[in-house]
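File shown: final02.pdb (PDB, C-alpha atoms).
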```
ATOM      1  CA  MET A   1      95.270-129.781 -52.502  1.00  0.00           C
ATOM      2  CA  LEU A   2      98.998-129.043 -52.398  1.00  0.00           C
ATOM      3  CA  LYS A   3      98.360-125.291 -52.250  1.00  0.00           C
ATOM      4  CA  GLU A   4      96.006-125.760 -49.294  1.00  0.00           C
ATOM      5  CA  ALA A   5      98.617-127.911 -47.519  1.00  0.00           C
ATOM      6  CA  GLN A   6     101.248-125.228 -48.136  1.00  0.00           C
ATOM      7  CA  LYS A   7      98.956-122.519 -46.744  1.00  0.00           C
ATOM      8  CA  TYR A   8      98.206-124.723 -43.741  1.00  0.00           C
ATOM      9  CA  PHE A   9     101.892-125.368 -43.084  1.00  0.00           C
ATOM     10  CA  LEU A  10     102.787-121.688 -43.498  1.00  0.00           C
ATOM     11  CA  LEU A  11     100.045-120.621 -41.087  1.00  0.00           C
ATOM     12  CA  VAL A  12     101.211-123.175 -38.499  1.00  0.00           C
ATOM     13  CA  CYS A  13     104.802-121.925 -38.808  1.00  0.00           C
ATOM     14  CA  VAL A  14     103.839-118.264 -38.526  1.00  0.00           C
ATOM     15  CA  LEU A  15     101.509-118.915 -35.603  1.00  0.00           C
ATOM     16  CA  PHE A  16     104.112-121.020 -33.815  1.00  0.00           C
ATOM     17  CA  ALA A  17     106.816-118.407 -34.347  1.00  0.00           C
ATOM     18  CA  VAL A  18     104.623-115.551 -33.108  1.00  0.00           C
ATOM     19  CA  THR A  19     103.406-117.437 -30.033  1.00  0.00           C
ATOM     20  CA  THR A  20     106.940-118.565 -29.172  1.00  0.00           C
ATOM     21  CA  PHE A  21     108.240-115.017 -29.571  1.00  0.00           C
ATOM     22  CA  CYS A  22     105.468-113.554 -27.392  1.00  0.00           C
ATOM     23  CA  SER A  23     105.901-116.268 -24.779  1.00  0.00           C
ATOM     24  CA  SER A  24     109.640-115.641 -24.621  1.00  0.00           C
ATOM     25  CA  ILE A  25     109.106-111.912 -24.125  1.00  0.00           C
ATOM     26  CA  ILE A  26     106.567-112.559 -21.378  1.00  0.00           C
ATOM     27  CA  GLN A  27     108.865-115.032 -19.611  1.00  0.00           C
ATOM     28  CA  LEU A  28     111.919-112.793 -19.804  1.00  0.00           C
ATOM     29  CA  ALA A  29     110.257-109.467 -19.045  1.00  0.00           C
ATOM     30  CA  ILE A  30     107.371-110.252 -16.742  1.00  0.00           C
ATOM     31  CA  GLN A  31     108.073-113.615 -15.147  1.00  0.00           C
ATOM     32  CA  GLU A  32     111.871-113.169 -15.129  1.00  0.00           C
ATOM     33  CA  LYS A  33     112.471-116.717 -16.338  1.00  0.00           C
ATOM     34  CA  GLY A  34     115.480-117.332 -18.531  1.00  0.00           C
ATOM     35  CA  TYR A  35     114.406-120.654 -19.982  1.00  0.00           C
ATOM     36  CA  ASP A  36     111.489-122.509 -21.497  1.00  0.00           C
ATOM     37  CA  SER A  37     111.174-126.284 -21.338  1.00  0.00           C
ATOM     38  CA  ASN A  38     111.224-128.332 -24.520  1.00  0.00           C
ATOM     39  CA  THR A  39     107.945-129.956 -23.505  1.00  0.00           C
ATOM     40  CA  HIS A  40     106.261-126.574 -23.295  1.00  0.00           C
ATOM     41  CA  ILE A  41     107.588-125.561 -26.714  1.00  0.00           C
ATOM     42  CA  LEU A  42     106.402-128.825 -28.289  1.00  0.00           C
ATOM     43  CA  LEU A  43     103.015-128.454 -26.595  1.00  0.00           C
ATOM     44  CA  ARG A  44     102.718-124.934 -27.995  1.00  0.00           C
ATOM     45  CA  GLY A  45     103.508-126.333 -31.450  1.00  0.00           C
ATOM     46  CA  ALA A  46     100.845-129.041 -31.081  1.00  0.00           C
ATOM     47  CA  ILE A  47      98.258-126.467 -30.044  1.00  0.00           C
ATOM     48  CA  CYS A  48      99.181-124.279 -33.039  1.00  0.00           C
ATOM     49  CA  ILE A  49      98.734-127.278 -35.332  1.00  0.00           C
ATOM     50  CA  LEU A  50      95.361-128.081 -33.745  1.00  0.00           C
ATOM     51  CA  GLY A  51      94.202-124.456 -33.904  1.00  0.00           C
ATOM     52  CA  VAL A  52      95.127-124.056 -37.568  1.00  0.00           C
ATOM     53  CA  GLY A  53      93.593-127.455 -38.308  1.00  0.00           C
ATOM     54  CA  PHE A  54      90.337-126.288 -36.750  1.00  0.00           C
ATOM     55  CA  ILE A  55      90.442-123.096 -38.807  1.00  0.00           C
ATOM     56  CA  CYS A  56      90.876-125.106 -42.012  1.00  0.00           C
ATOM     57  CA  LEU A  57      88.222-127.621 -40.979  1.00  0.00           C
ATOM     58  CA  PHE A  58      85.657-124.986 -40.092  1.00  0.00           C
ATOM     59  CA  ARG A  59      86.149-123.192 -43.401  1.00  0.00           C
ATOM     60  CA  THR A  60      84.061-125.982 -44.880  1.00  0.00           C
ATOM     61  CA  VAL A  61      81.268-125.478 -42.326  1.00  0.00           C
ATOM     62  CA  LYS A  62      79.386-122.321 -43.275  1.00  0.00           C
ATOM     63  CA  LEU A  63      76.559-120.815 -41.285  1.00  0.00           C
ATOM     64  CA  LYS A  64      74.438-117.916 -42.533  1.00  0.00           C
ATOM     65  CA  ASN A  65      75.341-115.749 -39.554  1.00  0.00           C
ATOM     66  CA  ARG A  66      79.100-115.085 -39.624  1.00  0.00           C
ATOM     67  CA  LEU A  67      79.264-114.098 -35.949  1.00  0.00           C
ATOM     68  CA  LEU A  68      77.454-117.276 -34.881  1.00  0.00           C
ATOM     69  CA  GLN A  69      79.763-119.309 -37.101  1.00  0.00           C
ATOM     70  CA  GLU A  70      82.854-117.826 -35.462  1.00  0.00           C
ATOM     71  CA  CYS A  71      81.431-118.264 -31.947  1.00  0.00           C
ATOM     72  CA  VAL A  72      80.639-121.930 -32.589  1.00  0.00           C
ATOM     73  CA  HIS A  73      84.065-122.481 -34.114  1.00  0.00           C
ATOM     74  CA  TYR A  74      85.813-120.734 -31.206  1.00  0.00           C
ATOM     75  CA  ILE A  75      83.902-122.590 -28.483  1.00  0.00           C
ATOM     76  CA  VAL A  76      84.233-126.034 -30.083  1.00  0.00           C
ATOM     77  CA  SER A  77      87.924-125.618 -30.903  1.00  0.00           C
ATOM     78  CA  LEU A  78      88.774-124.183 -27.463  1.00  0.00           C
ATOM     79  CA  LEU A  79      86.968-127.033 -25.696  1.00  0.00           C
ATOM     80  CA  LEU A  80      88.760-129.631 -27.826  1.00  0.00           C
ATOM     81  CA  ILE A  81      92.140-127.994 -27.195  1.00  0.00           C
ATOM     82  CA  LEU A  82      91.480-127.920 -23.442  1.00  0.00           C
ATOM     83  CA  LEU A  83      90.435-131.582 -23.639  1.00  0.00           C
ATOM     84  CA  PHE A  84      93.688-132.315 -25.490  1.00  0.00           C
ATOM     85  CA  ILE A  85      95.672-130.606 -22.706  1.00  0.00           C
ATOM     86  CA  PHE A  86      93.718-132.490 -20.035  1.00  0.00           C
ATOM     87  CA  CYS A  87      94.381-135.859 -21.708  1.00  0.00           C
ATOM     88  CA  LEU A  88      98.029-134.979 -22.281  1.00  0.00           C
ATOM     89  CA  SER A  89      98.464-134.125 -18.587  1.00  0.00           C
ATOM     90  CA  PHE A  90      98.183-137.838 -17.766  1.00  0.00           C
ATOM     91  CA  PHE A  91     101.381-138.522 -19.749  1.00  0.00           C
ATOM     92  CA  VAL A  92     103.425-135.311 -19.546  1.00  0.00           C
ATOM     93  CA  GLU A  93     103.983-132.855 -16.715  1.00  0.00           C
ATOM     94  CA  ILE A  94     102.189-129.710 -17.885  1.00  0.00           C
ATOM     95  CA  GLY A  95     103.180-127.446 -15.005  1.00  0.00           C
ATOM     96  CA  GLU A  96     102.757-126.731 -11.336  1.00  0.00           C
ATOM     97  CA  LYS A  97      99.457-124.857 -11.666  1.00  0.00           C
ATOM     98  CA  PRO A  98      96.507-125.882 -13.837  1.00  0.00           C
ATOM     99  CA  PRO A  99      97.308-124.333 -17.233  1.00  0.00           C
ATOM    100  CA  TYR A 100      93.753-124.106 -18.541  1.00  0.00           C
ATOM    101  CA  PRO A 101      93.168-120.368 -17.944  1.00  0.00           C
ATOM    102  CA  ILE A 102      96.527-119.501 -19.514  1.00  0.00           C
ATOM    103  CA  PHE A 103      95.881-121.669 -22.575  1.00  0.00           C
ATOM    104  CA  ALA A 104      92.357-120.291 -22.912  1.00  0.00           C
ATOM    105  CA  LEU A 105      93.633-116.709 -22.695  1.00  0.00           C
ATOM    106  CA  ASN A 106      96.425-117.330 -25.210  1.00  0.00           C
ATOM    107  CA  TYR A 107      94.099-119.140 -27.604  1.00  0.00           C
ATOM    108  CA  THR A 108      91.510-116.375 -27.308  1.00  0.00           C
ATOM    109  CA  GLY A 109      94.073-113.733 -28.191  1.00  0.00           C
ATOM    110  CA  VAL A 110      95.447-115.642 -31.156  1.00  0.00           C
ATOM    111  CA  TYR A 111      91.942-116.531 -32.358  1.00  0.00           C
ATOM    112  CA  ALA A 112      90.834-112.893 -32.131  1.00  0.00           C
ATOM    113  CA  VAL A 113      93.792-111.747 -34.238  1.00  0.00           C
ATOM    114  CA  ILE A 114      93.220-114.446 -36.864  1.00  0.00           C
ATOM    115  CA  PHE A 115      89.495-113.650 -36.964  1.00  0.00           C
ATOM    116  CA  ALA A 116      90.147-109.908 -37.336  1.00  0.00           C
ATOM    117  CA  VAL A 117      92.649-110.420 -40.159  1.00  0.00           C
ATOM    118  CA  SER A 118      90.294-112.835 -41.922  1.00  0.00           C
ATOM    119  CA  TYR A 119      87.293-110.538 -41.452  1.00  0.00           C
ATOM    120  CA  PHE A 120      89.004-107.424 -42.791  1.00  0.00           C
ATOM    121  CA  ASN A 121      90.631-109.389 -45.615  1.00  0.00           C
ATOM    122  CA  LYS A 122      87.228-110.671 -46.780  1.00  0.00           C
ATOM    123  CA  LYS A 123      85.697-107.215 -46.352  1.00  0.00           C
ATOM    124  CA  LYS A 124      88.460-105.679 -48.468  1.00  0.00           C
ATOM    125  CA  LYS A 125      88.019-108.291 -51.206  1.00  0.00           C
ATOM    126  CA  PHE A 126      84.266-107.655 -51.193  1.00  0.00           C
ATOM    127  CA  GLU A 127      84.785-103.883 -51.534  1.00  0.00           C
ATOM    128  CA  ASP A 128      87.343-104.385 -54.310  1.00  0.00           C
ATOM    129  CA  LYS A 129      84.777-106.366 -56.328  1.00  0.00           C
ATOM    130  CA  LYS A 130      82.326-103.429 -56.250  1.00  0.00           C
TER     131      LYS A 130
END
```

Mind turning this structure into structure tokens?
Amino acid sequence: MLKEAQKYFLLVCVLFAVTTFCSSIIQLAIQEKGYDSNTHILLRGAICILGVGFICLFRTVKLKNRLLQECVHYIVSLLLILLFIFCLSFFVEIGEKPPYPIFALNYTGVYAVIFAVSYFNKKKKFEDKK
């Protein structure tokens, strides 16, 4: 149990660091903003925690078709994260424009990378066993 918690915490930290780094580059280079609000950083951390939590939760739910399993996981987790953002918008100012497309795009990119790494890691382990 402790090893799983350590893996979970490490994945959250890595994901948060990568998303913060990418967001900072985008803001400085493309949007020409020199700052990022603390609320936005904390929200990004909460979404990383939720995303990694969904990954760990869905590891226990196995479907026979791997692609279907990943599609179900992606759709359910994205909808719950967007619902989280919607509910949070009643208490915290999220931004001037509706952030849903941006969050969906960011989550899709991060999810695709995590899925690809997981897929090729499992494929490599399977080939090593042969």

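In this model, the gap between CA of Ile85 (chain A) and CA of Cys56 (chain A) comes to 20.6 Å.
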
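Minimum distance to Ala104 (chain A) across A:Cys87, A:Thr20, A:Arg59, A:Gly51 (counting only C-alpha atoms) occurs at A:Gly51.
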
Considering all atoms listed in the file, return as a PDB file with C-alpha atoms, keeping the file's coordinate frame whatever protein or nucleic-acid residues lie within 10 Å of Leu50 (chain A), sequence-local ones (same chain, fewer than 2 positions apart) excluded.
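This is the output file around.pdb:
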```pdb
ATOM      1  CA  VAL A  12     101.211-123.175 -38.499  1.00  0.00           C
ATOM      2  CA  ARG A  44     102.718-124.934 -27.995  1.00  0.00           C
ATOM      3  CA  GLY A  45     103.508-126.333 -31.450  1.00  0.00           C
ATOM      4  CA  ALA A  46     100.845-129.041 -31.081  1.00  0.00           C
ATOM      5  CA  ILE A  47      98.258-126.467 -30.044  1.00  0.00           C
ATOM      6  CA  CYS A  48      99.181-124.279 -33.039  1.00  0.00           C
ATOM      7  CA  VAL A  52      95.127-124.056 -37.568  1.00  0.00           C
ATOM      8  CA  GLY A  53      93.593-127.455 -38.308  1.00  0.00           C
ATOM      9  CA  PHE A  54      90.337-126.288 -36.750  1.00  0.00           C
ATOM     10  CA  ILE A  55      90.442-123.096 -38.807  1.00  0.00           C
ATOM     11  CA  CYS A  56      90.876-125.106 -42.012  1.00  0.00           C
ATOM     12  CA  SER A  77      87.924-125.618 -30.903  1.00  0.00           C
ATOM     13  CA  LEU A  78      88.774-124.183 -27.463  1.00  0.00           C
ATOM     14  CA  LEU A  80      88.760-129.631 -27.826  1.00  0.00           C
ATOM     15  CA  ILE A  81      92.140-127.994 -27.195  1.00  0.00           C
ATOM     16  CA  PHE A  84      93.688-132.315 -25.490  1.00  0.00           C
TER      17      PHE A  84
END
```

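Pairwise distance (CA of Ala112 (chain A), CA of Pro99 (chain A)) equals 19.9 Å.
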
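Considering all atoms listed in the file, the residue among A:Gln6, A:Gln69, A:Ser118, A:Thr19 positioned nearest to Leu42 (chain A) is A:Thr19.
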
Kindly provide, as AutoDock Vina command-line options, the centre and edge lengths (Å, one decimal) of an axis-aligned box around all atoms of region 84-94 of chain A given in the file, with 6 Å on each side.
```
--center_x 98.8 --center_y -134.1 --center_z -21.1 --size_x 22.3 --size_y 20.8 --size_z 20.8
```

Could you name the residues that touch Pro98 (chain A) at 12 Å or less, counting all atoms listed in the file, but leaving out those on the same chain fewer than 3 positions away, as a tab-separated table (two decimals) with C-alpha atoms, keeping the file's coordinate frame?
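Okay, this is what ended up in around_28.tsv:
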```
chain	number	residue	atom	x	y	z
A	82	LEU	CA	91.48	-127.92	-23.44
A	85	ILE	CA	95.67	-130.61	-22.71
A	86	PHE	CA	93.72	-132.49	-20.04
A	89	SER	CA	98.46	-134.12	-18.59
A	93	GLU	CA	103.98	-132.85	-16.72
A	94	ILE	CA	102.19	-129.71	-17.89
A	95	GLY	CA	103.18	-127.45	-15.00
A	101	PRO	CA	93.17	-120.37	-17.94
A	102	ILE	CA	96.53	-119.50	-19.51
A	103	PHE	CA	95.88	-121.67	-22.58
A	104	ALA	CA	92.36	-120.29	-22.91
```

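For the pair CA of Leu105 (chain A) and CA of Val117 (chain A), the interatomic distance is 18.6 Å.
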